[in-house]
Amino acid sequence: MNNTTEDKTKDFSNVNYMIGRRIKEARIKKNLKQEYIAEKINISATHYSNIENGHRSCTMHKFVQICSILNETPGHLLRDVIAVKQENDIDELIQQLSPENKKLLEAVITTYCQNQA
C-alpha cells in the first residue's frame with residue numbers, strides 16, 4: 001500500500017471512530033440498547049456494535065435512520081467530523097455516491113450548516 005492509500009485509510013478509520021463514538025454517546029444518553037437500534041434498522045447487533053466502535057461504516061441511509069431513532073440531527077453527530085477530510089477527498093467521495101445518497105448527504109450537510117449558525 002502506498003502512503004496516499006494508507007493516509008486515506010487512516011482518515012476513514014478516524015472518521016468512523018468519531019462518528020461511532022458520538023452515536024454511542026447519544027444512544028447511552030437515551031438509555032437504549034445496541035440490539036434495539038440494530039433491530040430497528042435491520043442489521044445485526046454485531047454490525048451495529050462495529051459501527052459504534054469505528055470498525056465499520058454505515059450507509060448514509062442507515063446513518064439517517066440511526067439519527068432518527070436517537071432523535072439527533074445528522075449535523076450534531078457529524079460536528080467537527082466533516083472538517084477531518086480535505087476538500088479534494090470529499091469531492092472524490094461525493095462523486096462516488098449514488099444520486100439517492102447524494103440527496104441524503106445534501107440534507108445532512110444542510111442540517112449541519114444550519115446548526116452552526
# chains A, B, ... in the order shown; residues from 1 in each chain; ligands from 1

$ select_by_dssp --residues "range 23-68 of chain A" --states "alpha helix (DSSP H)" --output "VMD selection string"
chain A and resid 23 to 29 34 to 40 45 to 52 60 to 68

$ residues_around --residues "Ile69 in chain A" --least-positions-apart "2" --cutoff "12 Å" --atoms "only C-alpha atoms" --output "list in words"
Ile23, Ala26, Arg27, Lys30, Asn31, Leu32, Lys33, Gln34, Tyr36, Ile37, Ala38, Glu39, Lys40, Ile41, Lys62, Phe63, Val64, Gln65, Ile66, Cys67, Asn71, Glu72, Thr73 and Pro74 of chain A

$ residues_around --residues "Ile51 in chain A" --least-positions-apart "3" --cutoff "12 Å" --atoms "only C-alpha atoms" --output "JSON, numbers by chain"
{"A": [13, 15, 16, 17, 18, 19, 20, 21, 22, 23, 24, 34, 37, 38, 43, 44, 45, 46, 47, 48, 54, 55, 56, 57, 58, 59, 62, 63, 66]}

$ residues_around --residues "Ala107 in chain A" --least-positions-apart "2" --cutoff "12 Å" --atoms "only C-alpha atoms" --output "list in words"
Met60, His61, Val64, Thr73, Pro74, Gly75, Glu100, Asn101, Lys102, Lys103, Leu104, Leu105, Ile109, Thr110, Thr111, Tyr112, Cys113 and Gln114 of chain A

$ write_last_selection --atoms "all heavy atoms" --output "compact mmCIF listing (two decimals), in the first residue's frame"
# COMPACT_ATOMS: atom_id res chain seq x y z
N MET A 60 -25.35 5.94 4.22
CA MET A 60 -25.99 7.21 4.57
C MET A 60 -27.42 6.94 5.06
O MET A 60 -27.88 7.54 6.03
CB MET A 60 -25.99 8.13 3.35
CG MET A 60 -26.51 9.50 3.64
SD MET A 60 -25.39 10.49 4.63
CE MET A 60 -24.03 10.66 3.53
N HIS A 61 -28.08 6.02 4.40
CA HIS A 61 -29.46 5.69 4.77
C HIS A 61 -29.52 5.16 6.21
O HIS A 61 -30.38 5.60 7.00
CB HIS A 61 -30.03 4.65 3.79
CG HIS A 61 -31.43 4.26 4.09
ND1 HIS A 61 -32.51 5.09 3.84
CD2 HIS A 61 -31.94 3.12 4.62
CE1 HIS A 61 -33.62 4.48 4.21
NE2 HIS A 61 -33.30 3.28 4.68
N VAL A 64 -28.90 7.99 8.71
CA VAL A 64 -30.08 8.84 8.90
C VAL A 64 -31.11 8.11 9.78
O VAL A 64 -31.73 8.73 10.65
CB VAL A 64 -30.67 9.27 7.54
CG1 VAL A 64 -32.01 9.95 7.71
CG2 VAL A 64 -29.69 10.18 6.80
N THR A 73 -29.86 15.21 15.24
CA THR A 73 -29.69 15.65 13.86
C THR A 73 -28.38 15.06 13.33
O THR A 73 -27.41 14.89 14.09
CB THR A 73 -29.61 17.18 13.75
OG1 THR A 73 -28.45 17.64 14.45
CG2 THR A 73 -30.87 17.84 14.31
N PRO A 74 -28.34 14.75 12.04
CA PRO A 74 -27.07 14.28 11.47
C PRO A 74 -25.95 15.29 11.70
O PRO A 74 -24.82 14.92 12.01
CB PRO A 74 -27.40 14.13 9.98
CG PRO A 74 -28.86 13.84 9.94
CD PRO A 74 -29.43 14.68 11.07
N GLY A 75 -26.28 16.57 11.60
CA GLY A 75 -25.28 17.60 11.80
C GLY A 75 -24.66 17.55 13.19
O GLY A 75 -23.47 17.78 13.36
N GLU A 100 -29.31 8.96 -4.94
CA GLU A 100 -30.10 8.93 -3.70
C GLU A 100 -29.23 9.33 -2.50
O GLU A 100 -29.63 10.14 -1.67
CB GLU A 100 -30.68 7.54 -3.47
CG GLU A 100 -31.47 7.43 -2.18
CD GLU A 100 -31.98 6.02 -1.94
OE1 GLU A 100 -32.92 5.61 -2.64
OE2 GLU A 100 -31.41 5.34 -1.07
N ASN A 101 -28.02 8.77 -2.43
CA ASN A 101 -27.13 9.10 -1.32
C ASN A 101 -26.61 10.54 -1.41
O ASN A 101 -26.34 11.16 -0.38
CB ASN A 101 -25.98 8.11 -1.24
CG ASN A 101 -26.40 6.81 -0.59
OD1 ASN A 101 -27.40 6.75 0.12
ND2 ASN A 101 -25.66 5.76 -0.85
N LYS A 102 -26.49 11.08 -2.61
CA LYS A 102 -26.10 12.49 -2.75
C LYS A 102 -27.18 13.39 -2.15
O LYS A 102 -26.87 14.36 -1.47
CB LYS A 102 -25.87 12.85 -4.22
CG LYS A 102 -24.56 12.33 -4.76
CD LYS A 102 -24.37 12.71 -6.22
CE LYS A 102 -23.09 12.12 -6.78
NZ LYS A 102 -22.89 12.41 -8.19
N LYS A 103 -28.45 13.03 -2.37
CA LYS A 103 -29.55 13.82 -1.79
C LYS A 103 -29.53 13.72 -0.27
O LYS A 103 -29.73 14.72 0.43
CB LYS A 103 -30.89 13.34 -2.33
CG LYS A 103 -31.13 13.74 -3.77
CD LYS A 103 -32.47 13.24 -4.26
CE LYS A 103 -32.65 13.57 -5.73
NZ LYS A 103 -33.89 13.05 -6.28
N LEU A 104 -29.27 12.51 0.26
CA LEU A 104 -29.18 12.35 1.71
C LEU A 104 -28.02 13.15 2.29
O LEU A 104 -28.15 13.81 3.32
CB LEU A 104 -29.03 10.87 2.08
CG LEU A 104 -30.27 10.01 1.94
CD1 LEU A 104 -29.91 8.53 2.11
CD2 LEU A 104 -31.32 10.41 2.96
N LEU A 105 -26.89 13.11 1.60
CA LEU A 105 -25.72 13.87 2.05
C LEU A 105 -26.02 15.37 2.05
O LEU A 105 -25.64 16.08 2.97
CB LEU A 105 -24.50 13.56 1.18
CG LEU A 105 -23.22 14.31 1.54
CD1 LEU A 105 -22.79 13.98 2.97
CD2 LEU A 105 -22.12 13.99 0.56
N ILE A 109 -25.63 17.77 5.27
CA ILE A 109 -24.78 18.96 5.28
C ILE A 109 -25.61 20.21 5.54
O ILE A 109 -25.20 21.09 6.30
CB ILE A 109 -24.00 19.07 3.96
CG1 ILE A 109 -22.96 17.93 3.88
CG2 ILE A 109 -23.31 20.43 3.84
CD1 ILE A 109 -22.27 17.81 2.55
N THR A 110 -26.78 20.28 4.97
CA THR A 110 -27.67 21.43 5.20
C THR A 110 -28.01 21.53 6.69
O THR A 110 -27.93 22.61 7.28
CB THR A 110 -28.95 21.30 4.36
OG1 THR A 110 -28.59 21.27 2.98
CG2 THR A 110 -29.91 22.45 4.62
N THR A 111 -28.37 20.40 7.29
CA THR A 111 -28.68 20.39 8.72
C THR A 111 -27.48 20.80 9.54
O THR A 111 -27.58 21.59 10.47
CB THR A 111 -29.17 18.99 9.15
OG1 THR A 111 -30.31 18.65 8.37
CG2 THR A 111 -29.53 18.96 10.61
N TYR A 112 -26.32 20.26 9.18
CA TYR A 112 -25.08 20.59 9.88
C TYR A 112 -24.82 22.10 9.83
O TYR A 112 -24.54 22.73 10.85
CB TYR A 112 -23.91 19.82 9.27
CG TYR A 112 -22.58 20.16 9.88
CD1 TYR A 112 -22.18 19.60 11.09
CD2 TYR A 112 -21.72 21.06 9.25
CE1 TYR A 112 -20.96 19.92 11.66
CE2 TYR A 112 -20.50 21.37 9.82
CZ TYR A 112 -20.13 20.81 11.01
OH TYR A 112 -18.93 21.14 11.57
N CYS A 113 -24.94 22.67 8.65
CA CYS A 113 -24.67 24.11 8.48
C CYS A 113 -25.68 24.95 9.25
O CYS A 113 -25.31 25.98 9.83
CB CYS A 113 -24.67 24.47 7.00
SG CYS A 113 -23.27 23.78 6.09
N GLN A 114 -26.93 24.54 9.26
CA GLN A 114 -27.95 25.29 10.00
C GLN A 114 -27.67 25.28 11.50
O GLN A 114 -27.91 26.26 12.19
CB GLN A 114 -29.34 24.69 9.74
CG GLN A 114 -29.83 24.96 8.33
CD GLN A 114 -31.09 24.18 8.01
OE1 GLN A 114 -31.49 23.24 8.70
NE2 GLN A 114 -31.74 24.55 6.89

$ closest_residue --among "A:Asn115, A:Ser49, A:Asn42, A:Pro99" --to "Asp80 in chain A" --atoms "only C-alpha atoms"
A:Asn115

$ atom_distance --atom1 "CA of Ile28 in chain A" --atom2 "CA of Val108 in chain A"
22.3 Å

$ decode --residues "range 54-85 of chain A" --atoms "N, CA, C and O atoms" --output "short mmCIF file (atom, residue, chain, number, x, y, z; two decimals), in the first residue's frame"
data_model
loop_
_atom_site.label_atom_id
_atom_site.label_comp_id
_atom_site.auth_asym_id
_atom_site.auth_seq_id
_atom_site.Cartn_x
_atom_site.Cartn_y
_atom_site.Cartn_z
N GLY A 54 -16.30 2.10 15.55
CA GLY A 54 -15.50 2.65 14.47
C GLY A 54 -14.84 1.62 13.59
O GLY A 54 -14.01 1.96 12.75
N HIS A 55 -15.22 0.35 13.74
CA HIS A 55 -14.64 -0.71 12.93
C HIS A 55 -15.33 -0.85 11.58
O HIS A 55 -14.77 -1.42 10.65
N ARG A 56 -16.57 -0.35 11.50
CA ARG A 56 -17.33 -0.41 10.25
C ARG A 56 -18.02 0.93 10.04
O ARG A 56 -18.37 1.62 10.99
N SER A 57 -18.23 1.24 8.79
CA SER A 57 -19.02 2.43 8.48
C SER A 57 -20.44 1.95 8.18
O SER A 57 -20.70 0.76 8.11
N CYS A 58 -21.32 2.88 8.00
CA CYS A 58 -22.69 2.52 7.62
C CYS A 58 -23.09 3.38 6.43
O CYS A 58 -22.48 4.41 6.17
N THR A 59 -24.11 2.94 5.74
CA THR A 59 -24.59 3.71 4.61
C THR A 59 -25.22 5.01 5.11
O THR A 59 -25.59 5.12 6.29
N MET A 60 -25.35 5.94 4.22
CA MET A 60 -25.99 7.21 4.57
C MET A 60 -27.42 6.94 5.06
O MET A 60 -27.88 7.54 6.03
N HIS A 61 -28.08 6.02 4.40
CA HIS A 61 -29.46 5.69 4.77
C HIS A 61 -29.52 5.16 6.21
O HIS A 61 -30.38 5.60 7.00
N LYS A 62 -28.64 4.25 6.56
CA LYS A 62 -28.60 3.70 7.93
C LYS A 62 -28.25 4.80 8.93
O LYS A 62 -28.81 4.86 10.02
N PHE A 63 -27.32 5.68 8.55
CA PHE A 63 -26.93 6.77 9.44
C PHE A 63 -28.13 7.67 9.73
O PHE A 63 -28.37 8.04 10.89
N VAL A 64 -28.90 7.99 8.71
CA VAL A 64 -30.08 8.84 8.90
C VAL A 64 -31.11 8.11 9.78
O VAL A 64 -31.73 8.73 10.65
N GLN A 65 -31.26 6.81 9.59
CA GLN A 65 -32.18 6.03 10.44
C GLN A 65 -31.72 6.07 11.90
O GLN A 65 -32.55 6.25 12.81
N ILE A 66 -30.43 5.88 12.12
CA ILE A 66 -29.89 5.92 13.48
C ILE A 66 -30.16 7.29 14.10
O ILE A 66 -30.61 7.39 15.25
N CYS A 67 -29.92 8.35 13.35
CA CYS A 67 -30.18 9.71 13.85
C CYS A 67 -31.63 9.87 14.25
O CYS A 67 -31.95 10.45 15.30
N SER A 68 -32.52 9.35 13.43
CA SER A 68 -33.96 9.45 13.71
C SER A 68 -34.32 8.72 15.01
O SER A 68 -35.04 9.26 15.85
N ILE A 69 -33.82 7.51 15.17
CA ILE A 69 -34.10 6.73 16.39
C ILE A 69 -33.56 7.44 17.62
O ILE A 69 -34.21 7.48 18.67
N LEU A 70 -32.39 8.03 17.50
CA LEU A 70 -31.76 8.72 18.63
C LEU A 70 -32.29 10.14 18.82
O LEU A 70 -31.90 10.81 19.77
N ASN A 71 -33.14 10.56 17.89
CA ASN A 71 -33.67 11.93 17.93
C ASN A 71 -32.53 12.95 17.93
O ASN A 71 -32.52 13.91 18.69
N GLU A 72 -31.54 12.68 17.08
CA GLU A 72 -30.38 13.56 16.92
C GLU A 72 -30.33 14.01 15.47
O GLU A 72 -30.69 13.26 14.57
N THR A 73 -29.86 15.21 15.24
CA THR A 73 -29.69 15.65 13.86
C THR A 73 -28.38 15.06 13.33
O THR A 73 -27.41 14.89 14.09
N PRO A 74 -28.34 14.75 12.04
CA PRO A 74 -27.07 14.28 11.47
C PRO A 74 -25.95 15.29 11.70
O PRO A 74 -24.82 14.92 12.01
N GLY A 75 -26.28 16.57 11.60
CA GLY A 75 -25.28 17.60 11.80
C GLY A 75 -24.66 17.55 13.19
O GLY A 75 -23.47 17.78 13.36
N HIS A 76 -25.48 17.25 14.19
CA HIS A 76 -24.97 17.17 15.56
C HIS A 76 -23.98 16.02 15.69
O HIS A 76 -22.91 16.16 16.30
N LEU A 77 -24.31 14.87 15.11
CA LEU A 77 -23.41 13.72 15.21
C LEU A 77 -22.18 13.87 14.32
O LEU A 77 -21.16 13.25 14.57
N LEU A 78 -22.27 14.73 13.30
CA LEU A 78 -21.14 14.93 12.40
C LEU A 78 -20.29 16.15 12.74
O LEU A 78 -19.32 16.42 12.05
N ARG A 79 -20.64 16.85 13.80
CA ARG A 79 -19.91 18.07 14.13
C ARG A 79 -18.41 17.78 14.20
O ARG A 79 -18.00 16.76 14.73
N ASP A 80 -17.65 18.64 13.63
CA ASP A 80 -16.19 18.55 13.56
C ASP A 80 -15.67 17.40 12.71
O ASP A 80 -14.50 17.35 12.42
N VAL A 81 -16.51 16.46 12.33
CA VAL A 81 -16.06 15.30 11.55
C VAL A 81 -15.84 15.69 10.10
O VAL A 81 -14.87 15.27 9.47
N ILE A 82 -16.71 16.51 9.58
CA ILE A 82 -16.63 16.88 8.17
C ILE A 82 -15.29 17.55 7.88
O ILE A 82 -14.68 17.31 6.85
N ALA A 83 -14.77 18.31 8.81
CA ALA A 83 -13.50 19.01 8.61
C ALA A 83 -12.30 18.07 8.60
O ALA A 83 -11.21 18.47 8.21
N VAL A 84 -12.45 16.81 8.97
CA VAL A 84 -11.34 15.86 9.01
C VAL A 84 -10.80 15.59 7.61
O VAL A 84 -9.62 15.43 7.40
N LYS A 85 -11.66 15.56 6.61
CA LYS A 85 -11.27 15.26 5.25
C LYS A 85 -10.87 16.54 4.51
O LYS A 85 -11.40 17.60 4.76
#
